[in-house]
Amino acid sequence: MTDTNATDASTSAYAAAYRQSITDPDAFWLDVAKDIDWTTPPTQAVDGTEAPFYKWFPDGQLNTSYNAIDRHVAAGRGDQPAYIWDSAVTGTKETITYSQLQEQVAEFAGALAAEGVGKGDRVVIYMPMVPRAAIAMLACARLGAVHSVVFGGFAAPELAIRIDDARPKVIVTSHGGIEPTRKVPYFPMVSKALELTNHTPASVIVAPRHTEFPDETFPETPGTTWSYWDDVVVVSKPADPVPVAATDPLYILYTSGTTGLPKGVVRDNGGHAVALAWSMWNIYGVRPGDVWWTASDVGWVVGHSYIVYAPLLVGATSIIYEGKPVGTPDAGAFWRVASEHKATALFTAPTAVRAIRKEDPRGELVSEYDLTALRTLFCAGERLDPDTYQWATDKLGVPVVDNWWQTETGWPIASNMRGLEPMPIKAGSPTVPVPGYALVVLDGQGNEVPAGEDGNLAIRLPMAPGTLAGLWNDDERFLTSYMSTFAGYYTTGDGGYIDEDGYVFVMGRTDDVINVAGHRLSTGSMEAVIAKHPAVAEAAVIGVRDELKGQRPVGYVVLKAGEVRDPEELRAELVKMVRDEIGAVATFRDCTVVQGLPKTRSGKILRKTMRQIADGQTDVAVPSTIEDPAVLDALAPYLRGEK
Ligand code: COA
Ligand code: AMP
């Protein structure tokens, strides 16, 4: 163990909070809810009458945008920066105070309203890391509209799937994003997506980047009109915050499931605001006026929660960074930004730290910057491996805190509670379950296993406020994906154990979701793309261990009888197909032609067994249901990279 401030877990502030949150969630969360301004304060915390569809603060009303902005202006924080934008790829910086943000969000909300957007209407946001991405989200929240942000690294077909499912009135986009080595124009993506969809949004509003994209002109999209942000703002009236029910949806965020179709995670307004504000104080130790930096993207849940909403809900300043940990221009970029804006905390994915370490193993660039303001480095998105933890701890000299969560939960399930009560850190563990989450480890039959034993990480219902209220338009999938494996529990899809000190260890997914550079991807959706190739009979994509990115997808394809293909040409074709259909973010680069794929007698491909062999595991237990062990024997040398 390292770190200080060890506490006796049974008598600690954490233990007391945790106990009450589980035994008396109503009292615990109603008290916490006082940190939020309600137009109608709630009298009940959780309503389980339609369990497992729990409702948080069912009789409360509020506005999330008001809580993030207006109330701080009213309390005298108007001149404090709300967002600091630092774009390493364009060399631009901009500070937006709470007062300026209030004005800009109200103006854009007015423009959306003029386009016919009101309470409950959806708005798809496909934007790079510019302040207007956050402004568009907050403007939706101001109107009670529901935003659905799509990450810029997804290609047109993925955008189309989300448009068809969310059925937005408006799409908010930009000329494009900027990657270190290329520009990514968005207009072709949006117009292609609109060709592919059945749903036709009324309008597309563009936050321009004329300097970076001087030659782009609006595409022709039948039924959808295109306008520039500033032009729609100028002709509309600023909009006031609209009170909504705590249970009304704030956003839909699509995330990868085990099939090709993404799941639309629905977040409510009330539980979200209460949980995020509480997390800033108690998990992250952030106070009003602190400068907080989450180096992620608004397209992911980490960006939603900890770039856009949570810092503002507690009156802190949030840095919006457009750039990478390396290459924009070097491995000192994070330290430059943290030092320049005096960030008190940095939150990123372990893969970013590994990328920095690879280029600057001795951490020489760290010492070039004044990081005295930095109190903590938080990591999430994938397991913080002990090596990376140790390197960051040594180089930065501040606590390095892992926290485990998912798009579905919206905020940490397990963390070291830096605000409530800092605890000793164990490398490789995100410490303890966060209050509100009755986390257990279950065996395949749903029995709790003893401390230290591996199993399925599951959460006894109800979960904490702010966790998913359901899946958009798909109650059935909500039940089958999360609620039916173990009755009365939410299945996280992660495996791991809890040790004798109550520390949680999250060891990886138990399903076919993979995690590449902190990005959650579905092997199923890659397989679906590959299977469309005319020469391919069947395919399996697995996530294999990768030193930098944690995992990377690798495909194994079986050709149709009689097909003869040059392996390199076929690989290039399949890589292009995945890039065009899913996007560059899939990072699909490796693909091998094999004779057969190992299956169970019922025809299920043994992906887990394949993954274990590819990862070099020596004690792989081959399921007794395997149809033909010889197929696996023939494939094994390919999986081990020997062929
Ligand atoms: N828009 C368009 N394309 C994007 C994109 C975006 N917003 N984000 C990534 N891509 C592209 C990249 O340009 C790259 O394309 P390429 O194949 O043409 O090179 C591809 O998607 C893969 O990107 P990435 O996984 O980011 O790999 P990388 O090699 O460019 O960078 C890291 C590696 C580790 C530096 C980078 O992955 C990183 O910063 N990871 C941190 C992730 C993170 O913050 N996750 C959030 C969860 S907390
Ligand atoms: P996402 O929904 O994109 O946030 O991805 C969630 C998944 O990422 C989880 O189910 C885990 O598999 C993984 N994950 C996120 N944070 C951690 C962490 N701190 N430790 C281990 N795995 C993590």
# chains A, B, ... in the order shown; residues from 1 in each chain; ligands from 1

call {"tool": "residues_around", "arguments": {"residues": "Asp628 of chain A", "least_positions_apart": "4", "cutoff": "9 Å", "atoms": "only C-alpha atoms", "output": "compact mmCIF listing (two decimals) with C-alpha atoms, in the first residue's frame"}}
result
# COMPACT_ATOMS: atom_id res chain seq x y z
CA PRO A 598 -13.83 -22.83 -32.96
CA LYS A 599 -17.47 -23.13 -31.95
CA THR A 600 -19.69 -24.73 -29.39
CA ARG A 601 -22.05 -27.45 -30.57
CA LEU A 632 -9.03 -24.71 -32.17

call {"tool": "residues_near_ligand", "arguments": {"ligand": "ligand 2", "cutoff": "8 Å", "atoms": "only C-alpha atoms and all ligand atoms", "output": "PyMOL selection string"}}
result
chain A and resi 255-256+300-302+379-384+402-408+410+414+429-430+492-494+505-509+513-515+518-521

call {"tool": "residues_near_ligand", "arguments": {"ligand": "ligand 1", "cutoff": "6 Å", "atoms": "only C-alpha atoms and all ligand atoms", "output": "list in words"}}
result
Gly152, Gly153, Gly177, Glu179, Val184, Ala295, Ser296, Val302, Lys324, Pro325, Val326, Thr348, Ala349, Thr351, Ala352, Ala355, Ala380, Gly381, Ala517, Gly518, His519, Ala584, Val585 and Thr587 of chain A

call {"tool": "write_last_selection", "arguments": {"atoms": "N, CA, C and O atoms", "output": "JSON list (two decimals), in the first residue's frame"}}
result
[["chain", "number", "residue", "atom", "x", "y", "z"],
["A", 152, "GLY", "N", -16.83, 12.33, -32.77],
["A", 152, "GLY", "CA", -16.37, 12.71, -34.11],
["A", 152, "GLY", "C", -15.57, 11.64, -34.84],
["A", 152, "GLY", "O", -15.39, 11.73, -36.05],
["A", 153, "GLY", "N", -15.11, 10.63, -34.12],
["A", 153, "GLY", "CA", -14.34, 9.57, -34.78],
["A", 153, "GLY", "C", -15.22, 8.49, -35.40],
["A", 153, "GLY", "O", -14.71, 7.54, -36.00],
["A", 177, "GLY", "N", -13.34, 18.32, -37.48],
["A", 177, "GLY", "CA", -12.41, 18.16, -36.37],
["A", 177, "GLY", "C", -10.99, 18.17, -36.90],
["A", 177, "GLY", "O", -10.76, 18.07, -38.11],
["A", 179, "GLU", "N", -7.36, 16.34, -36.34],
["A", 179, "GLU", "CA", -6.49, 15.32, -35.76],
["A", 179, "GLU", "C", -5.05, 15.77, -36.01],
["A", 179, "GLU", "O", -4.79, 16.60, -36.89],
["A", 184, "VAL", "N", -10.54, 16.46, -40.39],
["A", 184, "VAL", "CA", -11.65, 15.51, -40.56],
["A", 184, "VAL", "C", -12.91, 16.32, -40.89],
["A", 184, "VAL", "O", -13.58, 16.82, -39.99],
["A", 295, "ALA", "N", -9.30, 15.45, -19.66],
["A", 295, "ALA", "CA", -8.78, 15.33, -21.03],
["A", 295, "ALA", "C", -9.45, 14.13, -21.69],
["A", 295, "ALA", "O", -8.89, 13.05, -21.75],
["A", 296, "SER", "N", -10.68, 14.34, -22.12],
["A", 296, "SER", "CA", -11.40, 13.28, -22.83],
["A", 296, "SER", "C", -12.11, 13.98, -23.99],
["A", 296, "SER", "O", -11.63, 15.01, -24.47],
["A", 302, "VAL", "N", -17.37, 10.16, -20.17],
["A", 302, "VAL", "CA", -16.47, 10.91, -19.28],
["A", 302, "VAL", "C", -16.54, 12.39, -19.63],
["A", 302, "VAL", "O", -16.56, 13.26, -18.75],
["A", 324, "LYS", "N", -4.12, 16.05, -28.24],
["A", 324, "LYS", "CA", -3.81, 14.69, -27.81],
["A", 324, "LYS", "C", -2.76, 14.75, -26.72],
["A", 324, "LYS", "O", -2.12, 15.78, -26.53],
["A", 325, "PRO", "N", -2.53, 13.63, -26.05],
["A", 325, "PRO", "CA", -1.46, 13.62, -25.04],
["A", 325, "PRO", "C", -0.07, 13.67, -25.68],
["A", 325, "PRO", "O", 0.89, 14.13, -25.05],
["A", 326, "VAL", "N", 0.04, 13.19, -26.91],
["A", 326, "VAL", "CA", 1.33, 13.21, -27.62],
["A", 326, "VAL", "C", 1.08, 13.72, -29.04],
["A", 326, "VAL", "O", -0.02, 13.59, -29.56],
["A", 348, "THR", "N", -7.86, 11.63, -16.90],
["A", 348, "THR", "CA", -7.64, 11.11, -18.25],
["A", 348, "THR", "C", -7.70, 9.59, -18.26],
["A", 348, "THR", "O", -7.98, 8.96, -17.24],
["A", 349, "ALA", "N", -7.43, 9.00, -19.42],
["A", 349, "ALA", "CA", -7.43, 7.54, -19.53],
["A", 349, "ALA", "C", -6.00, 7.03, -19.38],
["A", 349, "ALA", "O", -5.06, 7.68, -19.84],
["A", 351, "THR", "N", -4.40, 4.99, -21.02],
["A", 351, "THR", "CA", -3.72, 4.87, -22.31],
["A", 351, "THR", "C", -3.01, 6.18, -22.67],
["A", 351, "THR", "O", -1.94, 6.17, -23.29],
["A", 352, "ALA", "N", -3.57, 7.30, -22.27],
["A", 352, "ALA", "CA", -2.93, 8.59, -22.54],
["A", 352, "ALA", "C", -1.62, 8.68, -21.74],
["A", 352, "ALA", "O", -0.60, 9.16, -22.26],
["A", 355, "ALA", "N", 0.88, 6.55, -23.43],
["A", 355, "ALA", "CA", 1.40, 7.19, -24.65],
["A", 355, "ALA", "C", 2.48, 8.21, -24.29],
["A", 355, "ALA", "O", 3.52, 8.31, -24.96],
["A", 380, "ALA", "N", -9.59, 6.86, -15.63],
["A", 380, "ALA", "CA", -10.72, 5.95, -15.84],
["A", 380, "ALA", "C", -10.81, 5.61, -17.31],
["A", 380, "ALA", "O", -10.07, 6.15, -18.13],
["A", 381, "GLY", "N", -11.74, 4.74, -17.63],
["A", 381, "GLY", "CA", -11.95, 4.35, -19.02],
["A", 381, "GLY", "C", -11.46, 2.94, -19.27],
["A", 381, "GLY", "O", -11.91, 2.25, -20.19],
["A", 517, "ALA", "N", -7.78, 1.98, -26.35],
["A", 517, "ALA", "CA", -7.35, 3.33, -26.02],
["A", 517, "ALA", "C", -8.44, 4.08, -25.24],
["A", 517, "ALA", "O", -8.71, 5.25, -25.51],
["A", 518, "GLY", "N", -9.07, 3.38, -24.31],
["A", 518, "GLY", "CA", -10.11, 4.03, -23.50],
["A", 518, "GLY", "C", -11.41, 4.23, -24.26],
["A", 518, "GLY", "O", -12.34, 4.84, -23.74],
["A", 519, "HIS", "N", -11.50, 3.71, -25.48],
["A", 519, "HIS", "CA", -12.73, 3.81, -26.27],
["A", 519, "HIS", "C", -13.43, 2.47, -26.25],
["A", 519, "HIS", "O", -12.83, 1.44, -26.54],
["A", 584, "ALA", "N", -12.62, 5.69, -37.98],
["A", 584, "ALA", "CA", -11.20, 5.53, -37.70],
["A", 584, "ALA", "C", -10.99, 5.03, -36.27],
["A", 584, "ALA", "O", -10.05, 4.29, -35.97],
["A", 585, "VAL", "N", -11.91, 5.45, -35.39],
["A", 585, "VAL", "CA", -11.74, 5.13, -33.97],
["A", 585, "VAL", "C", -11.73, 3.63, -33.71],
["A", 585, "VAL", "O", -11.20, 3.16, -32.70],
["A", 587, "THR", "N", -9.91, 1.53, -35.03],
["A", 587, "THR", "CA", -8.49, 1.12, -35.05],
["A", 587, "THR", "C", -8.34, -0.34, -35.47],
["A", 587, "THR", "O", -7.55, -1.09, -34.91]]

call {"tool": "residues_around", "arguments": {"residues": "Tyr18 of chain A", "least_positions_apart": "4", "cutoff": "12 Å", "atoms": "only C-alpha atoms", "output": "compact mmCIF listing (two decimals) with all heavy atoms, in the first residue's frame"}}
result
# COMPACT_ATOMS: atom_id res chain seq x y z
N ALA A 9 -11.92 1.38 8.18
CA ALA A 9 -13.08 1.41 7.28
C ALA A 9 -14.41 1.30 8.01
O ALA A 9 -15.42 1.82 7.55
CB ALA A 9 -12.96 0.30 6.25
N SER A 10 -14.44 0.63 9.17
CA SER A 10 -15.74 0.42 9.82
C SER A 10 -16.27 1.68 10.49
O SER A 10 -17.47 1.83 10.70
CB SER A 10 -15.63 -0.70 10.84
OG SER A 10 -14.66 -0.33 11.78
N THR A 11 -15.39 2.61 10.87
CA THR A 11 -15.85 3.80 11.58
C THR A 11 -15.66 5.07 10.75
O THR A 11 -15.92 6.16 11.21
CB THR A 11 -15.04 3.99 12.88
OG1 THR A 11 -13.67 4.02 12.51
CG2 THR A 11 -15.30 2.86 13.86
N SER A 12 -15.19 4.93 9.55
CA SER A 12 -14.81 6.11 8.78
C SER A 12 -16.02 6.85 8.23
O SER A 12 -17.14 6.33 8.21
CB SER A 12 -13.94 5.66 7.61
OG SER A 12 -14.71 4.88 6.73
N ALA A 13 -15.75 8.07 7.76
CA ALA A 13 -16.82 8.87 7.13
C ALA A 13 -17.34 8.13 5.91
O ALA A 13 -18.54 8.13 5.62
CB ALA A 13 -16.26 10.23 6.72
N TYR A 14 -16.41 7.50 5.20
CA TYR A 14 -16.83 6.72 4.03
C TYR A 14 -17.78 5.61 4.45
O TYR A 14 -18.85 5.43 3.85
CB TYR A 14 -15.60 6.12 3.31
CG TYR A 14 -15.99 4.96 2.43
CD1 TYR A 14 -16.69 5.17 1.24
CD2 TYR A 14 -15.72 3.64 2.82
CE1 TYR A 14 -17.09 4.10 0.45
CE2 TYR A 14 -16.12 2.57 2.04
CZ TYR A 14 -16.81 2.80 0.85
OH TYR A 14 -17.22 1.75 0.08
N ILE A 22 -26.96 2.73 1.38
CA ILE A 22 -27.51 1.42 1.01
C ILE A 22 -28.74 1.08 1.86
O ILE A 22 -29.75 0.60 1.35
CB ILE A 22 -26.44 0.31 1.15
CG1 ILE A 22 -25.21 0.65 0.28
CG2 ILE A 22 -27.01 -1.07 0.79
CD1 ILE A 22 -25.47 0.79 -1.21
N THR A 23 -28.65 1.38 3.17
CA THR A 23 -29.76 0.97 4.04
C THR A 23 -30.91 1.97 4.01
O THR A 23 -32.06 1.61 4.21
CB THR A 23 -29.30 0.79 5.50
OG1 THR A 23 -28.71 2.02 5.92
CG2 THR A 23 -28.30 -0.35 5.64
N ASP A 24 -30.59 3.23 3.78
CA ASP A 24 -31.65 4.25 3.77
C ASP A 24 -31.40 5.24 2.63
O ASP A 24 -31.11 6.43 2.86
CB ASP A 24 -31.66 4.98 5.13
CG ASP A 24 -32.92 5.82 5.30
OD1 ASP A 24 -33.73 5.88 4.35
OD2 ASP A 24 -33.09 6.41 6.38
N PRO A 25 -31.52 4.75 1.38
CA PRO A 25 -31.19 5.63 0.25
C PRO A 25 -32.04 6.89 0.21
O PRO A 25 -31.56 7.95 -0.20
CB PRO A 25 -31.43 4.75 -0.98
CG PRO A 25 -32.15 3.54 -0.53
CD PRO A 25 -31.92 3.41 0.95
N PHE A 28 -30.50 9.43 2.65
CA PHE A 28 -29.17 9.83 2.18
C PHE A 28 -29.27 10.77 0.99
O PHE A 28 -28.72 11.88 0.99
CB PHE A 28 -28.36 8.58 1.82
CG PHE A 28 -26.95 8.90 1.42
CD1 PHE A 28 -25.96 9.10 2.37
CD2 PHE A 28 -26.59 9.02 0.07
CE1 PHE A 28 -24.66 9.41 2.00
CE2 PHE A 28 -25.29 9.33 -0.31
CZ PHE A 28 -24.32 9.52 0.66
N TRP A 29 -30.03 10.36 -0.04
CA TRP A 29 -30.01 11.14 -1.28
C TRP A 29 -30.89 12.38 -1.21
O TRP A 29 -30.62 13.38 -1.90
CB TRP A 29 -30.37 10.25 -2.47
CG TRP A 29 -29.28 9.25 -2.77
CD1 TRP A 29 -29.34 7.90 -2.60
CD2 TRP A 29 -27.95 9.53 -3.25
NE1 TRP A 29 -28.14 7.31 -2.94
CE2 TRP A 29 -27.27 8.30 -3.35
CE3 TRP A 29 -27.26 10.70 -3.60
CZ2 TRP A 29 -25.94 8.20 -3.78
CZ3 TRP A 29 -25.95 10.61 -4.05
CH2 TRP A 29 -25.30 9.37 -4.13
N ASN A 282 -17.22 14.80 -3.18
CA ASN A 282 -16.85 13.66 -2.34
C ASN A 282 -15.86 12.70 -2.97
O ASN A 282 -15.02 12.15 -2.28
CB ASN A 282 -18.12 12.91 -1.93
CG ASN A 282 -18.95 13.74 -0.99
OD1 ASN A 282 -18.65 13.83 0.19
ND2 ASN A 282 -19.97 14.41 -1.53
N ILE A 413 -18.51 3.80 -10.05
CA ILE A 413 -19.04 2.72 -9.21
C ILE A 413 -18.04 2.47 -8.08
O ILE A 413 -18.42 2.15 -6.96
CB ILE A 413 -19.20 1.41 -10.02
CG1 ILE A 413 -20.00 1.64 -11.30
CG2 ILE A 413 -19.82 0.31 -9.17
CD1 ILE A 413 -19.90 0.48 -12.31
N ALA A 414 -16.76 2.60 -8.39
CA ALA A 414 -15.73 2.39 -7.37
C ALA A 414 -14.67 3.46 -7.53
O ALA A 414 -14.27 3.78 -8.65
CB ALA A 414 -15.10 1.01 -7.52
N MET A 417 -12.19 7.90 -2.36
CA MET A 417 -13.07 9.05 -2.13
C MET A 417 -12.22 10.24 -1.68
O MET A 417 -12.11 10.53 -0.49
CB MET A 417 -14.11 8.69 -1.06
CG MET A 417 -14.84 7.38 -1.33
SD MET A 417 -15.89 7.42 -2.78
CE MET A 417 -17.01 8.69 -2.34
N LEU A 420 -14.40 12.95 0.36
CA LEU A 420 -15.05 12.44 1.56
C LEU A 420 -14.03 11.92 2.56
O LEU A 420 -14.08 12.25 3.75
CB LEU A 420 -16.01 11.31 1.16
CG LEU A 420 -16.80 10.63 2.26
CD1 LEU A 420 -17.75 11.61 2.93
CD2 LEU A 420 -17.60 9.45 1.69
N GLU A 421 -13.11 11.13 2.07
CA GLU A 421 -12.11 10.55 2.95
C GLU A 421 -11.05 9.82 2.12
O GLU A 421 -11.26 8.69 1.70
CB GLU A 421 -12.79 9.55 3.88
CG GLU A 421 -11.84 8.92 4.82
CD GLU A 421 -12.52 7.91 5.72
OE1 GLU A 421 -13.68 7.58 5.48
OE2 GLU A 421 -11.85 7.46 6.64
N VAL A 432 -12.71 1.45 -3.38
CA VAL A 432 -13.92 0.85 -2.78
C VAL A 432 -15.19 1.23 -3.54
O VAL A 432 -15.20 2.22 -4.27
CB VAL A 432 -14.05 1.33 -1.31
CG1 VAL A 432 -12.97 0.71 -0.44
CG2 VAL A 432 -14.02 2.84 -1.23
N PRO A 433 -16.28 0.49 -3.31
CA PRO A 433 -17.55 0.88 -3.94
C PRO A 433 -17.98 2.27 -3.47
O PRO A 433 -17.86 2.59 -2.28
CB PRO A 433 -18.54 -0.18 -3.45
CG PRO A 433 -17.71 -1.33 -3.03
CD PRO A 433 -16.41 -0.76 -2.54
N VAL A 434 -18.45 3.05 -4.39
CA VAL A 434 -18.91 4.41 -4.07
C VAL A 434 -20.29 4.32 -3.39
O VAL A 434 -21.09 3.44 -3.73
CB VAL A 434 -18.99 5.21 -5.40
CG1 VAL A 434 -19.79 6.49 -5.24
CG2 VAL A 434 -17.59 5.51 -5.91
N PRO A 435 -20.56 5.18 -2.40
CA PRO A 435 -21.90 5.19 -1.80
C PRO A 435 -22.99 5.19 -2.88
O PRO A 435 -22.87 5.89 -3.90
CB PRO A 435 -21.91 6.47 -0.97
CG PRO A 435 -20.47 6.59 -0.52
CD PRO A 435 -19.67 6.13 -1.72
N GLY A 436 -24.00 4.38 -2.65
CA GLY A 436 -25.09 4.27 -3.63
C GLY A 436 -25.01 2.99 -4.44
O GLY A 436 -26.00 2.57 -5.02
N TYR A 437 -23.82 2.38 -4.49
CA TYR A 437 -23.64 1.17 -5.30
C TYR A 437 -23.39 -0.04 -4.39
O TYR A 437 -22.30 -0.17 -3.82
CB TYR A 437 -22.45 1.31 -6.24
CG TYR A 437 -22.62 2.34 -7.33
CD1 TYR A 437 -22.12 3.64 -7.18
CD2 TYR A 437 -23.27 2.01 -8.52
CE1 TYR A 437 -22.27 4.58 -8.19
CE2 TYR A 437 -23.41 2.95 -9.53
CZ TYR A 437 -22.91 4.23 -9.37
OH TYR A 437 -23.04 5.15 -10.36
N ALA A 438 -24.40 -0.91 -4.29
CA ALA A 438 -24.25 -2.14 -3.50
C ALA A 438 -23.57 -3.18 -4.39
O ALA A 438 -24.21 -4.02 -5.01
CB ALA A 438 -25.61 -2.64 -3.02
N LEU A 439 -22.25 -3.05 -4.47
CA LEU A 439 -21.48 -3.88 -5.40
C LEU A 439 -21.17 -5.25 -4.79
O LEU A 439 -20.73 -5.32 -3.64
CB LEU A 439 -20.16 -3.15 -5.73
CG LEU A 439 -19.26 -3.85 -6.73
CD1 LEU A 439 -19.88 -3.84 -8.12
CD2 LEU A 439 -17.89 -3.18 -6.76
N ALA A 464 -27.36 3.65 -7.81
CA ALA A 464 -27.32 5.03 -7.34
C ALA A 464 -28.11 5.94 -8.29
O ALA A 464 -28.35 5.57 -9.45
CB ALA A 464 -25.87 5.48 -7.28

call {"tool": "residues_around", "arguments": {"residues": "Leu479 of chain A", "least_positions_apart": "6", "cutoff": "10 Å", "atoms": "only C-alpha atoms", "output": "JSON, numbers by chain"}}
result
{"A": [52, 53, 470, 471, 485, 490]}

call {"tool": "write_last_selection", "arguments": {"atoms": "C-alpha atoms", "output": "JSON list (two decimals), in the first residue's frame"}}
result
[["chain", "number", "residue", "atom", "x", "y", "z"],
["A", 52, "PRO", "CA", -36.11, -2.39, -12.33],
["A", 53, "PHE", "CA", -37.10, 0.92, -13.96],
["A", 470, "GLY", "CA", -33.36, 2.85, -19.42],
["A", 471, "LEU", "CA", -32.41, 2.37, -23.07],
["A", 485, "THR", "CA", -28.81, -12.45, -15.76],
["A", 490, "TYR", "CA", -27.57, -4.92, -12.54]]

call {"tool": "select_by_dssp", "arguments": {"residues": "segment 178-355 of chain A", "states": "strand (DSSP E or B)", "output": "PyMOL selection string"}}
result
chain A and resi 178-179+182-185+203-207+225-228+244-245+249-255+263-268+291-294+317-322+345-348

call {"tool": "residues_around", "arguments": {"residues": "Cys140 of chain A", "least_positions_apart": "5", "cutoff": "8 Å", "atoms": "only C-alpha atoms", "output": "ChimeraX atom specification"}}
result
/A:109,112,123,145-147

call {"tool": "write_last_selection", "arguments": {"atoms": "C-alpha atoms", "output": "mmCIF file, in the first residue's frame"}}
result
data_model
loop_
_atom_site.group_PDB
_atom_site.id
_atom_site.type_symbol
_atom_site.label_atom_id
_atom_site.label_comp_id
_atom_site.auth_asym_id
_atom_site.auth_seq_id
_atom_site.Cartn_x
_atom_site.Cartn_y
_atom_site.Cartn_z
ATOM 1 C CA ALA A 109 -31.349 27.719 -26.749
ATOM 2 C CA LEU A 112 -33.019 25.905 -31.177
ATOM 3 C CA VAL A 123 -30.987 17.133 -30.933
ATOM 4 C CA ALA A 145 -34.700 18.948 -24.992
ATOM 5 C CA VAL A 146 -32.698 15.725 -25.139
ATOM 6 C CA HIS A 147 -29.237 15.803 -26.663
#
